[in-house]
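Dropping data_8.cif in here (mmCIF, C-alpha atoms and all ligand atoms):
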data_query
#
loop_
_atom_site.label_atom_id
_atom_site.label_comp_id
_atom_site.auth_asym_id
_atom_site.auth_seq_id
_atom_site.Cartn_x
_atom_site.Cartn_y
_atom_site.Cartn_z
CA MET N 1 195.89 117.09 118.60
CA SER N 2 199.33 118.68 118.11
CA GLY N 3 198.61 122.29 117.16
CA GLU N 4 195.47 122.77 119.22
CA GLN N 5 196.91 121.14 122.29
CA ALA N 6 199.99 123.39 122.12
CA VAL N 7 197.72 126.45 121.97
CA VAL N 8 195.80 125.20 125.00
CA ILE N 9 199.00 124.82 127.05
CA ALA N 10 200.39 128.19 125.93
CA ASP N 11 197.05 129.83 126.81
CA GLU N 12 197.07 128.15 130.19
CA ALA N 13 200.53 129.59 130.87
CA ARG N 14 199.17 133.05 129.87
CA ARG N 15 196.23 132.60 132.23
CA HIS N 16 198.49 131.57 135.10
CA PHE N 17 200.62 134.59 134.30
CA ALA N 18 197.69 137.02 134.40
CA MET N 19 196.50 135.50 137.66
CA SER N 20 199.89 135.65 139.37
CA PHE N 21 201.33 138.90 137.99
CA GLY N 22 198.56 140.73 136.11
CA GLY N 23 198.67 141.65 132.43
CA LYS N 24 200.44 139.82 129.66
CA PRO N 25 203.82 138.09 129.35
CA THR N 26 206.33 139.46 126.85
CA LEU N 27 206.59 136.04 125.24
CA VAL N 28 205.63 132.40 125.69
CA ALA N 29 208.11 129.65 124.86
CA SER N 30 207.50 125.91 124.91
CA ALA N 31 209.39 122.63 124.68
CA ALA N 32 208.31 119.03 124.29
CA GLY N 33 208.37 115.79 126.24
CA ARG N 34 209.95 112.87 124.44
CA VAL N 35 209.59 109.21 123.62
CA ASN N 36 212.75 107.34 122.73
CA LEU N 37 212.07 104.95 119.83
CA ILE N 38 215.30 103.02 120.39
CA GLY N 39 218.81 103.52 121.83
CA GLU N 40 218.34 103.26 125.60
CA HIS N 41 221.06 103.94 128.18
CA VAL N 42 223.55 104.73 125.45
CA ASP N 43 223.70 108.53 125.61
CA TYR N 44 226.03 108.63 128.64
CA ASN N 45 228.11 105.90 126.95
CA GLY N 46 228.89 107.90 123.81
CA GLY N 47 226.41 105.93 121.69
CA GLU N 48 223.48 106.67 119.38
CA ALA N 49 219.73 107.01 119.99
CA LEU N 50 216.57 107.72 118.01
CA PRO N 51 213.97 109.67 120.04
CA ILE N 52 211.01 111.83 118.99
CA ALA N 53 209.64 114.94 120.66
CA ILE N 54 205.92 114.39 121.35
CA GLN N 55 202.74 116.48 121.50
CA ARG N 56 202.99 116.91 125.23
CA ARG N 57 204.49 120.27 126.04
CA THR N 58 205.57 122.64 128.77
CA ALA N 59 204.95 126.33 128.16
CA VAL N 60 206.69 129.20 129.96
CA ALA N 61 205.20 132.70 129.93
CA ILE N 62 207.78 135.33 130.90
CA ARG N 63 208.27 139.07 131.47
CA LEU N 64 210.96 141.20 133.10
CA HIS N 65 210.17 142.99 136.35
CA ASP N 66 212.22 145.89 137.62
CA GLY N 67 212.57 144.71 141.22
CA ALA N 68 215.44 142.72 142.70
CA LYS N 69 217.20 139.96 140.78
CA VAL N 70 214.67 137.36 141.72
CA THR N 71 212.56 134.99 139.61
CA HIS N 72 208.93 134.88 140.69
CA VAL N 73 207.22 131.75 139.45
CA ASN N 74 203.58 130.72 139.69
CA SER N 75 203.03 127.62 141.76
CA GLY N 76 200.21 125.98 139.80
CA GLY N 77 196.82 127.37 138.85
CA THR N 78 196.20 129.22 142.11
CA GLY N 79 197.95 132.53 141.60
CA GLY N 80 200.43 131.71 144.39
CA VAL N 81 204.05 132.68 143.68
CA LEU N 82 207.37 131.07 144.59
CA ARG N 83 210.58 133.10 144.78
CA ILE N 84 214.01 132.14 143.45
CA ASP N 85 216.73 134.57 144.55
CA HIS N 86 219.45 134.66 141.86
CA ALA N 87 222.12 135.48 144.44
CA ARG N 88 221.19 132.52 146.65
CA LEU N 89 220.48 129.60 144.35
CA ALA N 90 220.23 126.42 146.38
CA ARG N 91 218.98 122.92 145.72
CA ARG N 92 215.65 122.42 147.52
CA ARG N 93 214.73 118.98 146.14
CA LYS N 94 211.62 120.23 144.39
CA TRP N 95 210.59 121.07 140.85
CA THR N 96 211.92 124.64 141.02
CA ASP N 97 215.45 123.14 141.18
CA TYR N 98 215.23 122.72 137.39
CA LEU N 99 214.71 126.47 137.04
CA SER N 100 217.41 127.28 139.59
CA GLY N 101 219.79 124.94 137.73
CA VAL N 102 219.21 126.81 134.47
CA LEU N 103 219.65 130.20 136.19
CA ASP N 104 222.84 128.87 137.76
CA GLN N 105 224.19 127.95 134.31
CA LEU N 106 223.24 131.32 132.81
CA ILE N 107 224.77 133.28 135.68
CA GLY N 108 227.85 131.01 135.58
CA ALA N 109 228.21 131.84 131.88
CA GLY N 110 228.33 135.55 132.75
CA VAL N 111 224.71 136.50 132.02
CA ASP N 112 223.41 139.19 134.38
CA VAL N 113 219.90 137.74 134.73
CA PRO N 114 217.44 140.48 135.74
CA GLY N 115 214.25 139.96 137.78
CA LEU N 116 211.76 137.70 135.99
CA ASP N 117 208.06 136.96 136.32
CA VAL N 118 207.39 133.43 135.09
CA ALA N 119 204.28 131.28 134.75
CA ILE N 120 204.35 127.67 133.69
CA ALA N 121 201.79 125.20 132.34
CA SER N 122 202.41 121.66 131.18
CA ASP N 123 200.68 118.54 129.99
CA VAL N 124 203.83 116.38 130.06
CA PRO N 125 202.98 113.84 132.75
CA SER N 126 205.60 114.02 135.47
CA GLY N 127 207.21 110.91 136.90
CA SER N 128 206.34 108.79 133.85
CA GLY N 129 209.67 108.86 132.05
CA LEU N 130 208.51 111.20 129.27
CA SER N 131 211.11 113.80 130.27
CA SER N 132 208.95 116.39 131.95
CA SER N 133 212.10 117.74 133.63
CA ALA N 134 213.91 118.25 130.32
CA ALA N 135 210.81 119.94 128.86
CA LEU N 136 210.79 122.29 131.87
CA GLU N 137 214.51 123.11 131.72
CA VAL N 138 214.53 123.64 127.97
CA SER N 139 211.32 125.72 127.81
CA PHE N 140 212.55 127.94 130.66
CA ASP N 141 216.05 128.37 129.23
CA PHE N 142 214.61 129.08 125.78
CA ALA N 143 212.18 131.62 127.27
CA VAL N 144 214.90 133.45 129.26
CA ARG N 145 217.38 133.46 126.38
CA SER N 146 214.72 134.69 123.92
CA LEU N 147 213.58 137.41 126.33
CA LEU N 148 217.14 138.66 126.90
CA GLY N 149 218.03 138.47 123.20
CA LEU N 150 220.69 135.79 123.82
CA ASP N 151 221.69 133.04 121.43
CA ALA N 152 219.30 130.07 121.69
CA GLU N 153 220.78 127.54 119.25
CA PRO N 154 218.98 124.28 120.15
CA ILE N 155 221.97 121.95 120.66
CA ALA N 156 223.92 124.42 122.81
CA LEU N 157 220.75 125.20 124.75
CA ALA N 158 220.09 121.48 125.35
CA LEU N 159 223.64 120.90 126.56
CA GLU N 160 223.35 123.87 128.92
CA CYS N 161 220.19 122.29 130.38
CA GLN N 162 221.92 118.91 130.68
CA ARG N 163 224.70 120.60 132.67
CA ALA N 164 222.02 122.21 134.88
CA GLU N 165 220.58 118.78 135.61
CA ARG N 166 223.95 117.13 136.22
CA GLN N 167 225.62 119.88 138.21
CA PHE N 168 222.75 121.52 140.06
CA VAL N 169 220.00 118.92 140.34
CA GLY N 170 222.57 116.14 140.71
CA VAL N 171 221.31 113.55 138.20
CA PRO N 172 224.18 112.06 136.11
CA CYS N 173 222.00 111.98 132.97
CA GLY N 174 223.04 111.90 129.33
CA ALA N 175 221.94 114.54 126.83
CA MET N 176 219.15 112.68 125.02
CA ASP N 177 216.16 114.17 126.85
CA GLN N 178 217.24 117.79 126.64
CA LEU N 179 218.25 117.38 122.97
CA SER N 180 214.82 115.90 122.19
CA ALA N 181 212.97 118.68 124.03
CA ALA N 182 215.00 121.32 122.15
CA CYS N 183 215.63 119.86 118.67
CA GLY N 184 212.43 117.88 117.96
CA ARG N 185 210.89 118.18 114.53
CA ALA N 186 207.31 117.28 113.53
CA GLY N 187 207.19 114.20 111.29
CA HIS N 188 210.78 113.25 112.16
CA ALA N 189 212.75 111.12 114.56
CA LEU N 190 216.09 112.50 115.71
CA HIS N 191 219.12 110.36 115.01
CA MET N 192 221.50 111.44 117.80
CA ARG N 193 225.16 110.77 118.25
CA PHE N 194 226.56 111.79 121.61
CA GLU N 195 230.33 111.97 121.25
CA PRO N 196 230.58 114.46 119.72
CA VAL N 197 226.94 115.55 119.79
CA HIS N 198 225.28 115.44 116.40
CA VAL N 199 221.55 115.45 115.60
CA ARG N 200 220.00 114.57 112.26
CA ALA N 201 216.27 114.43 111.52
CA VAL N 202 214.99 111.23 109.85
CA SER N 203 211.46 111.06 108.45
CA PHE N 204 209.14 109.26 110.90
CA THR N 205 205.41 109.77 110.46
CA GLU N 206 204.10 106.71 112.34
CA SER N 207 202.01 106.91 115.48
CA VAL N 208 203.27 105.19 118.60
CA LEU N 209 201.19 103.99 121.54
CA VAL N 210 202.61 105.00 124.92
CA VAL N 211 201.54 102.97 127.96
CA ASP N 212 202.41 104.41 131.36
CA THR N 213 202.60 101.58 133.89
CA ALA N 214 201.77 104.22 136.54
CA VAL N 215 204.17 102.71 139.04
CA PRO N 216 206.00 105.08 141.39
CA ARG N 217 209.68 105.04 140.52
CA SER N 218 211.46 105.93 143.70
CA LEU N 219 214.32 103.55 142.89
CA ARG N 220 215.06 105.23 139.62
CA GLY N 221 217.55 107.86 140.63
CA SER N 222 219.90 105.57 142.51
CA ALA N 223 219.63 102.64 140.07
CA TYR N 224 220.43 105.01 137.20
CA ALA N 225 223.55 106.30 138.93
CA GLU N 226 224.57 102.69 139.64
CA ARG N 227 224.31 101.81 135.93
CA VAL N 228 226.42 104.83 135.02
CA LYS N 229 229.10 103.51 137.41
CA GLU N 230 228.90 99.94 136.12
CA CYS N 231 229.35 101.20 132.57
CA GLY N 232 232.33 103.30 133.69
CA ALA N 233 233.89 100.16 135.19
CA ALA N 234 233.28 98.25 131.94
CA LEU N 235 234.94 101.01 129.91
CA ALA N 236 237.96 101.12 132.22
CA ALA N 237 238.37 97.33 131.86
CA ILE N 238 238.11 97.52 128.06
CA GLN N 239 240.63 100.36 127.92
CA ARG N 240 243.14 98.14 129.71
CA ILE N 241 243.16 95.83 126.66
CA ALA N 242 242.27 98.46 124.04
CA PRO N 243 243.49 101.89 125.21
CA GLY N 244 242.17 103.69 122.13
CA VAL N 245 238.47 102.98 122.86
CA PRO N 246 237.04 106.43 123.75
CA ALA N 247 233.60 105.37 125.07
CA LEU N 248 231.78 102.16 125.92
CA ALA N 249 229.58 102.42 122.83
CA ALA N 250 232.69 102.44 120.63
CA ALA N 251 233.89 99.04 121.92
CA THR N 252 233.42 95.87 119.86
CA MET N 253 231.54 92.88 121.23
CA ASP N 254 234.83 90.97 121.09
CA GLU N 255 236.48 93.54 123.39
CA VAL N 256 233.51 93.33 125.75
CA GLU N 257 233.89 89.55 125.97
CA ARG N 258 237.70 89.56 126.30
CA ALA N 259 238.21 92.30 128.89
CA ASP N 260 238.53 91.31 132.52
CA MET N 261 235.55 92.76 134.42
CA PRO N 262 232.78 91.71 136.78
CA GLU N 263 229.98 89.78 135.01
CA VAL N 264 227.45 92.47 135.85
CA SER N 265 229.50 95.13 134.05
CA ARG N 266 229.93 92.80 131.07
CA ARG N 267 226.16 92.41 130.78
CA ARG N 268 225.69 96.19 130.86
CA ALA N 269 228.38 96.59 128.20
CA ARG N 270 226.80 93.92 125.96
CA HIS N 271 223.55 95.84 126.04
CA VAL N 272 225.22 99.15 125.16
CA VAL N 273 227.18 97.77 122.20
CA ALA N 274 224.26 95.75 120.80
CA GLU N 275 221.78 98.60 121.32
CA CYS N 276 223.88 101.03 119.26
CA GLU N 277 224.01 98.48 116.45
CA ARG N 278 220.20 98.27 116.58
CA VAL N 279 219.92 102.07 116.40
CA ARG N 280 222.06 102.11 113.25
CA LEU N 281 219.90 99.38 111.66
CA VAL N 282 216.65 101.18 112.49
CA GLU N 283 218.03 104.45 111.16
CA GLU N 284 218.86 102.76 107.83
CA VAL N 285 215.39 101.23 107.60
CA LEU N 286 213.66 104.56 108.33
CA ALA N 287 215.96 106.48 105.97
CA ALA N 288 214.94 104.00 103.23
CA GLY N 289 211.30 105.01 103.85
CA SER N 290 210.16 101.78 105.54
CA ARG N 291 208.20 101.36 108.76
CA PHE N 292 209.89 100.95 112.13
CA PRO N 293 211.26 97.38 112.34
CA GLY N 294 209.34 96.12 115.35
CA GLU N 295 211.54 93.07 115.94
CA LEU N 296 214.40 95.42 116.85
CA ALA N 297 212.21 97.13 119.43
CA LEU N 298 211.53 93.75 120.99
CA ALA N 299 215.23 92.83 120.89
CA SER N 300 215.97 96.13 122.64
CA HIS N 301 213.46 95.34 125.37
CA THR N 302 214.88 91.86 125.92
CA SER N 303 218.38 93.30 126.22
CA LEU N 304 217.23 96.01 128.66
CA ARG N 305 215.41 93.41 130.72
CA ASP N 306 218.08 90.69 130.78
CA ASP N 307 221.41 92.48 130.38
CA TYR N 308 220.71 95.99 131.63
CA GLY N 309 218.31 94.99 134.41
CA CYS N 310 216.09 98.06 134.11
CA SER N 311 212.69 96.60 133.24
CA SER N 312 209.93 95.81 135.72
CA ARG N 313 207.17 93.24 136.04
CA GLU N 314 204.65 95.83 134.78
CA LEU N 315 206.74 96.86 131.76
CA ASP N 316 207.32 93.22 130.80
CA TRP N 317 203.60 92.57 131.18
CA VAL N 318 202.72 95.44 128.80
CA VAL N 319 205.26 94.32 126.19
CA GLU N 320 204.13 90.69 126.31
CA TYR N 321 200.45 91.62 126.16
CA ALA N 322 200.93 94.02 123.24
CA MET N 323 202.97 91.46 121.29
CA ARG N 324 200.05 89.03 121.38
CA MET N 325 197.68 91.54 119.74
CA PRO N 326 197.16 91.34 115.95
CA GLY N 327 198.97 93.96 113.87
CA VAL N 328 201.51 94.89 116.57
CA ALA N 329 205.02 95.08 115.13
CA GLY N 330 207.04 95.51 118.31
CA ALA N 331 207.11 96.93 121.83
CA ARG N 332 209.69 97.95 124.39
CA LEU N 333 210.23 99.99 127.53
CA THR N 334 211.22 103.59 126.80
CA GLY N 335 213.29 106.00 128.89
CA ALA N 336 215.28 104.95 131.92
CA GLY N 337 213.01 102.03 132.90
CA TRP N 338 212.30 100.66 136.41
CA GLY N 339 208.68 101.69 135.84
CA GLY N 340 207.51 104.53 133.61
CA CYS N 341 206.38 103.85 130.06
CA ALA N 342 206.46 101.20 127.36
CA ILE N 343 205.82 101.94 123.68
CA VAL N 344 204.05 99.88 121.05
CA PHE N 345 204.69 99.99 117.29
CA GLY N 346 202.25 98.92 114.59
CA GLU N 347 199.52 100.07 112.20
CA GLU N 348 197.31 102.83 113.59
CA ALA N 349 194.27 100.50 113.84
CA ALA N 350 196.29 97.96 115.84
CA LEU N 351 197.47 100.68 118.24
CA HIS N 352 193.87 101.78 118.83
CA ALA N 353 192.84 98.17 119.47
CA VAL N 354 195.64 97.77 122.04
CA GLU N 355 194.74 101.10 123.64
CA GLU N 356 191.22 99.80 124.17
CA ALA N 357 191.94 96.23 125.24
CA LEU N 358 195.06 96.64 127.35
CA PRO N 359 193.98 98.92 130.25
CA PRO N 360 191.25 96.65 131.70
CA ALA N 361 193.47 93.56 131.28
CA TYR N 362 196.37 95.38 132.93
CA ALA N 363 194.16 96.56 135.79
CA GLN N 364 193.06 93.00 136.39
CA ALA N 365 196.59 91.57 136.30
CA ILE N 366 198.46 94.39 138.07
CA GLY N 367 195.84 96.03 140.26
CA HIS N 368 195.62 99.57 138.87
CA ARG N 369 194.90 101.20 135.52
CA PRO N 370 197.70 102.35 133.21
CA ARG N 371 197.59 105.64 131.32
CA THR N 372 197.83 105.58 127.52
CA TRP N 373 198.49 108.08 124.76
CA ILE N 374 198.90 107.78 120.99
CA VAL N 375 201.65 110.18 119.96
CA SER N 376 203.72 111.10 116.93
CA ALA N 377 206.79 113.24 116.30
CA ASP N 378 206.40 116.95 117.08
CA ASP N 379 208.51 120.10 117.25
CA GLY N 380 211.01 120.86 120.02
CA ALA N 381 211.57 124.28 121.56
CA ARG N 382 209.69 127.16 119.94
CA LEU N 383 208.01 130.47 120.61
CA GLU N 384 204.20 130.35 120.88
CA THR N 385 202.50 133.29 119.21
C1 LIG N 401 216.94 109.05 131.25
C2 LIG N 401 218.12 109.99 131.09
C3 LIG N 401 218.64 109.97 129.64
C4 LIG N 401 218.89 108.54 129.16
C5 LIG N 401 217.70 107.65 129.46
C6 LIG N 401 217.95 106.20 129.16
O1 LIG N 401 215.84 109.50 130.52
O2 LIG N 401 217.77 111.31 131.43
O3 LIG N 401 219.80 110.76 129.54
O4 LIG N 401 220.06 108.03 129.73
O5 LIG N 401 217.29 107.74 130.82
O6 LIG N 401 218.20 106.00 127.79
#
Give the structure from the file, written as structure tokens.
Amino acid sequence: MSGEQAVVIADEARRHFAMSFGGKPTLVASAAGRVNLIGEHVDYNGGEALPIAIQRRTAVAIRLHDGAKVTHVNSGGTGGVLRIDHARLARRRKWTDYLSGVLDQLIGAGVDVPGLDVAIASDVPSGSGLSSSAALEVSFDFAVRSLLGLDAEPIALALECQRAERQFVGVPCGAMDQLSAACGRAGHALHMRFEPVHVRAVSFTESVLVVDTAVPRSLRGSAYAERVKECGAALAAIQRIAPGVPALAAATMDEVERADMPEVSRRRARHVVAECERVRLVEEVLAAGSRFPGELALASHTSLRDDYGCSSRELDWVVEYAMRMPGVAGARLTGAGWGGCAIVFGEEAALHAVEEALPPAYAQAIGHRPRTWIVSADDGARLET
């Protein structure tokens, strides 16, 4: 579906544009949602992860206008327009904050951002943990930078969007989502290191089944910030016995066990150190041309459930159900957790069988239907012609 679907979303952005502003945009840029294959809750701990960009995209159609320094943005398919005044950027706790955050970064970096007409279309489901916010930030930043003829190197662009999310929107996230949305490459997973940031594409041509538990995740924001704090406490404790350790992911399991810290921080730290080891193993297996080692996905899920405390009854249900199906290699929660999506690895035929059998069984056990998609690795930020 990759190519065609991208055209559909880009065309939808053009249609929204014509409806809201008349005529054609100067350009359309897009960026992808992401699925993390393995390496969860390690980005803000200086670790390593292995995500893919997926064939769910956000497209931004854009053109300069010669009025005041204000961004006009379409508010859905209705032709209605919202207004973001560049001189009065303020957090409003709605989706336009992601755009305001990017504008805030650009203006803070000395860019004199002129008036913009912007229309957006997306098929990245929001609230599912597939990084719809990163896709929005990155596609918008890429569109503005391309329109103004500014540098749009993907890693720098992703880090600018991460700063927008941390400083303006107020989520203490790592850089994984924005890097995936910007740097994705079709047929490849992205082996990411976060301190310093380094991204290397590794061949990955498998399909992955994504199961959205479709559970509202109101807890997510605060629980995420709490984990960031617990990891900070673990690092501080480790640095008291090993001052040279720069980040939690760089600690050894021995240091984690020896340092004096609350048990809850120790469990978080165990997960981080073990998860990074799993990422390195998976990367080696993929680089050698083999299939994703499903047992490491399962080990990751167990660690997220038991040590990191970010699974949910629904996510555990999906993983356990999938693991009982023939031909399934592994399964785990993906993204922050506390709801959102799980992913399933295995031969294509097995993934289709799970996609058929799981939803009715889930509906019976949990009380509502999940959403499912079969995805594979796609490109990150790009211009749509
Ligand atoms: C969210 C954050 C990412 C990362 C994941 C967990 O998606 O935005 O930075 O921390 O959770 O791996």
For N:Leu351, please output as a PyMOL selection string all residues within 12 Å (counting only C-alpha atoms; exclusion window: fewer than 5 positions along the same chain).
chain N and resi 206-211+322-323+325-331+343-346+356-358+372-375
Site check for ligand LIG 401 (chain N): residues at most 7 Å away, all atoms listed in the file, as a list in words:
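Written in the requested form, the residues are Gly39, Glu40, His41, Val42, Asp43, Tyr44, Gly129, Ser131, Cys173, Gly174, Ala175, Met176, Asp177, Gly335 and Ala336 of chain N.
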Excluding N:Leu296 and its own-chain neighbours fewer than 6 positions away, which residues fall within 12 Å of it when counting all atoms listed in the file? Please give them as JSON, numbers by chain.
{"N": [37, 38, 39, 274, 275, 276, 277, 278, 279, 280, 281, 282, 283, 285, 302, 303, 329, 330, 331, 332, 345]}
Of the residues N:Arg163, N:His271, N:Lys24, N:His16, which is the one nearest to N:Leu304, using only C-alpha atoms?
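Distance minimum relative to N:Leu304 lands on N:His271.
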Could you give me, as a PDB file with C-alpha atoms, in the coordinates of the input, the residues within 9 Å of N:Val113, counting all atoms listed in the file and dropping anything in the same chain fewer than 5 positions from it?
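Result went into selection.pdb, see below:
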ATOM      1  CA  LYS N  69     217.200 139.960 140.780  1.00  0.00           C
ATOM      2  CA  VAL N  70     214.670 137.360 141.720  1.00  0.00           C
ATOM      3  CA  HIS N  86     219.450 134.660 141.860  1.00  0.00           C
ATOM      4  CA  LEU N 103     219.650 130.200 136.190  1.00  0.00           C
ATOM      5  CA  LEU N 106     223.240 131.320 132.810  1.00  0.00           C
ATOM      6  CA  ILE N 107     224.770 133.280 135.680  1.00  0.00           C
ATOM      7  CA  VAL N 144     214.900 133.450 129.260  1.00  0.00           C
ATOM      8  CA  LEU N 148     217.140 138.660 126.900  1.00  0.00           C
TER       9      LEU N 148
END
Two-atom distance - atom CA of N:Ala31, atom CA of N:Ala201 (Å)
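Computed distance, atom CA of N:Ala31 to atom CA of N:Ala201, equals 17.0 Å.
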How far is it from atom CA of N:Arg313 to atom CA of N:Val354, in Å with one decimal?
18.7 Å
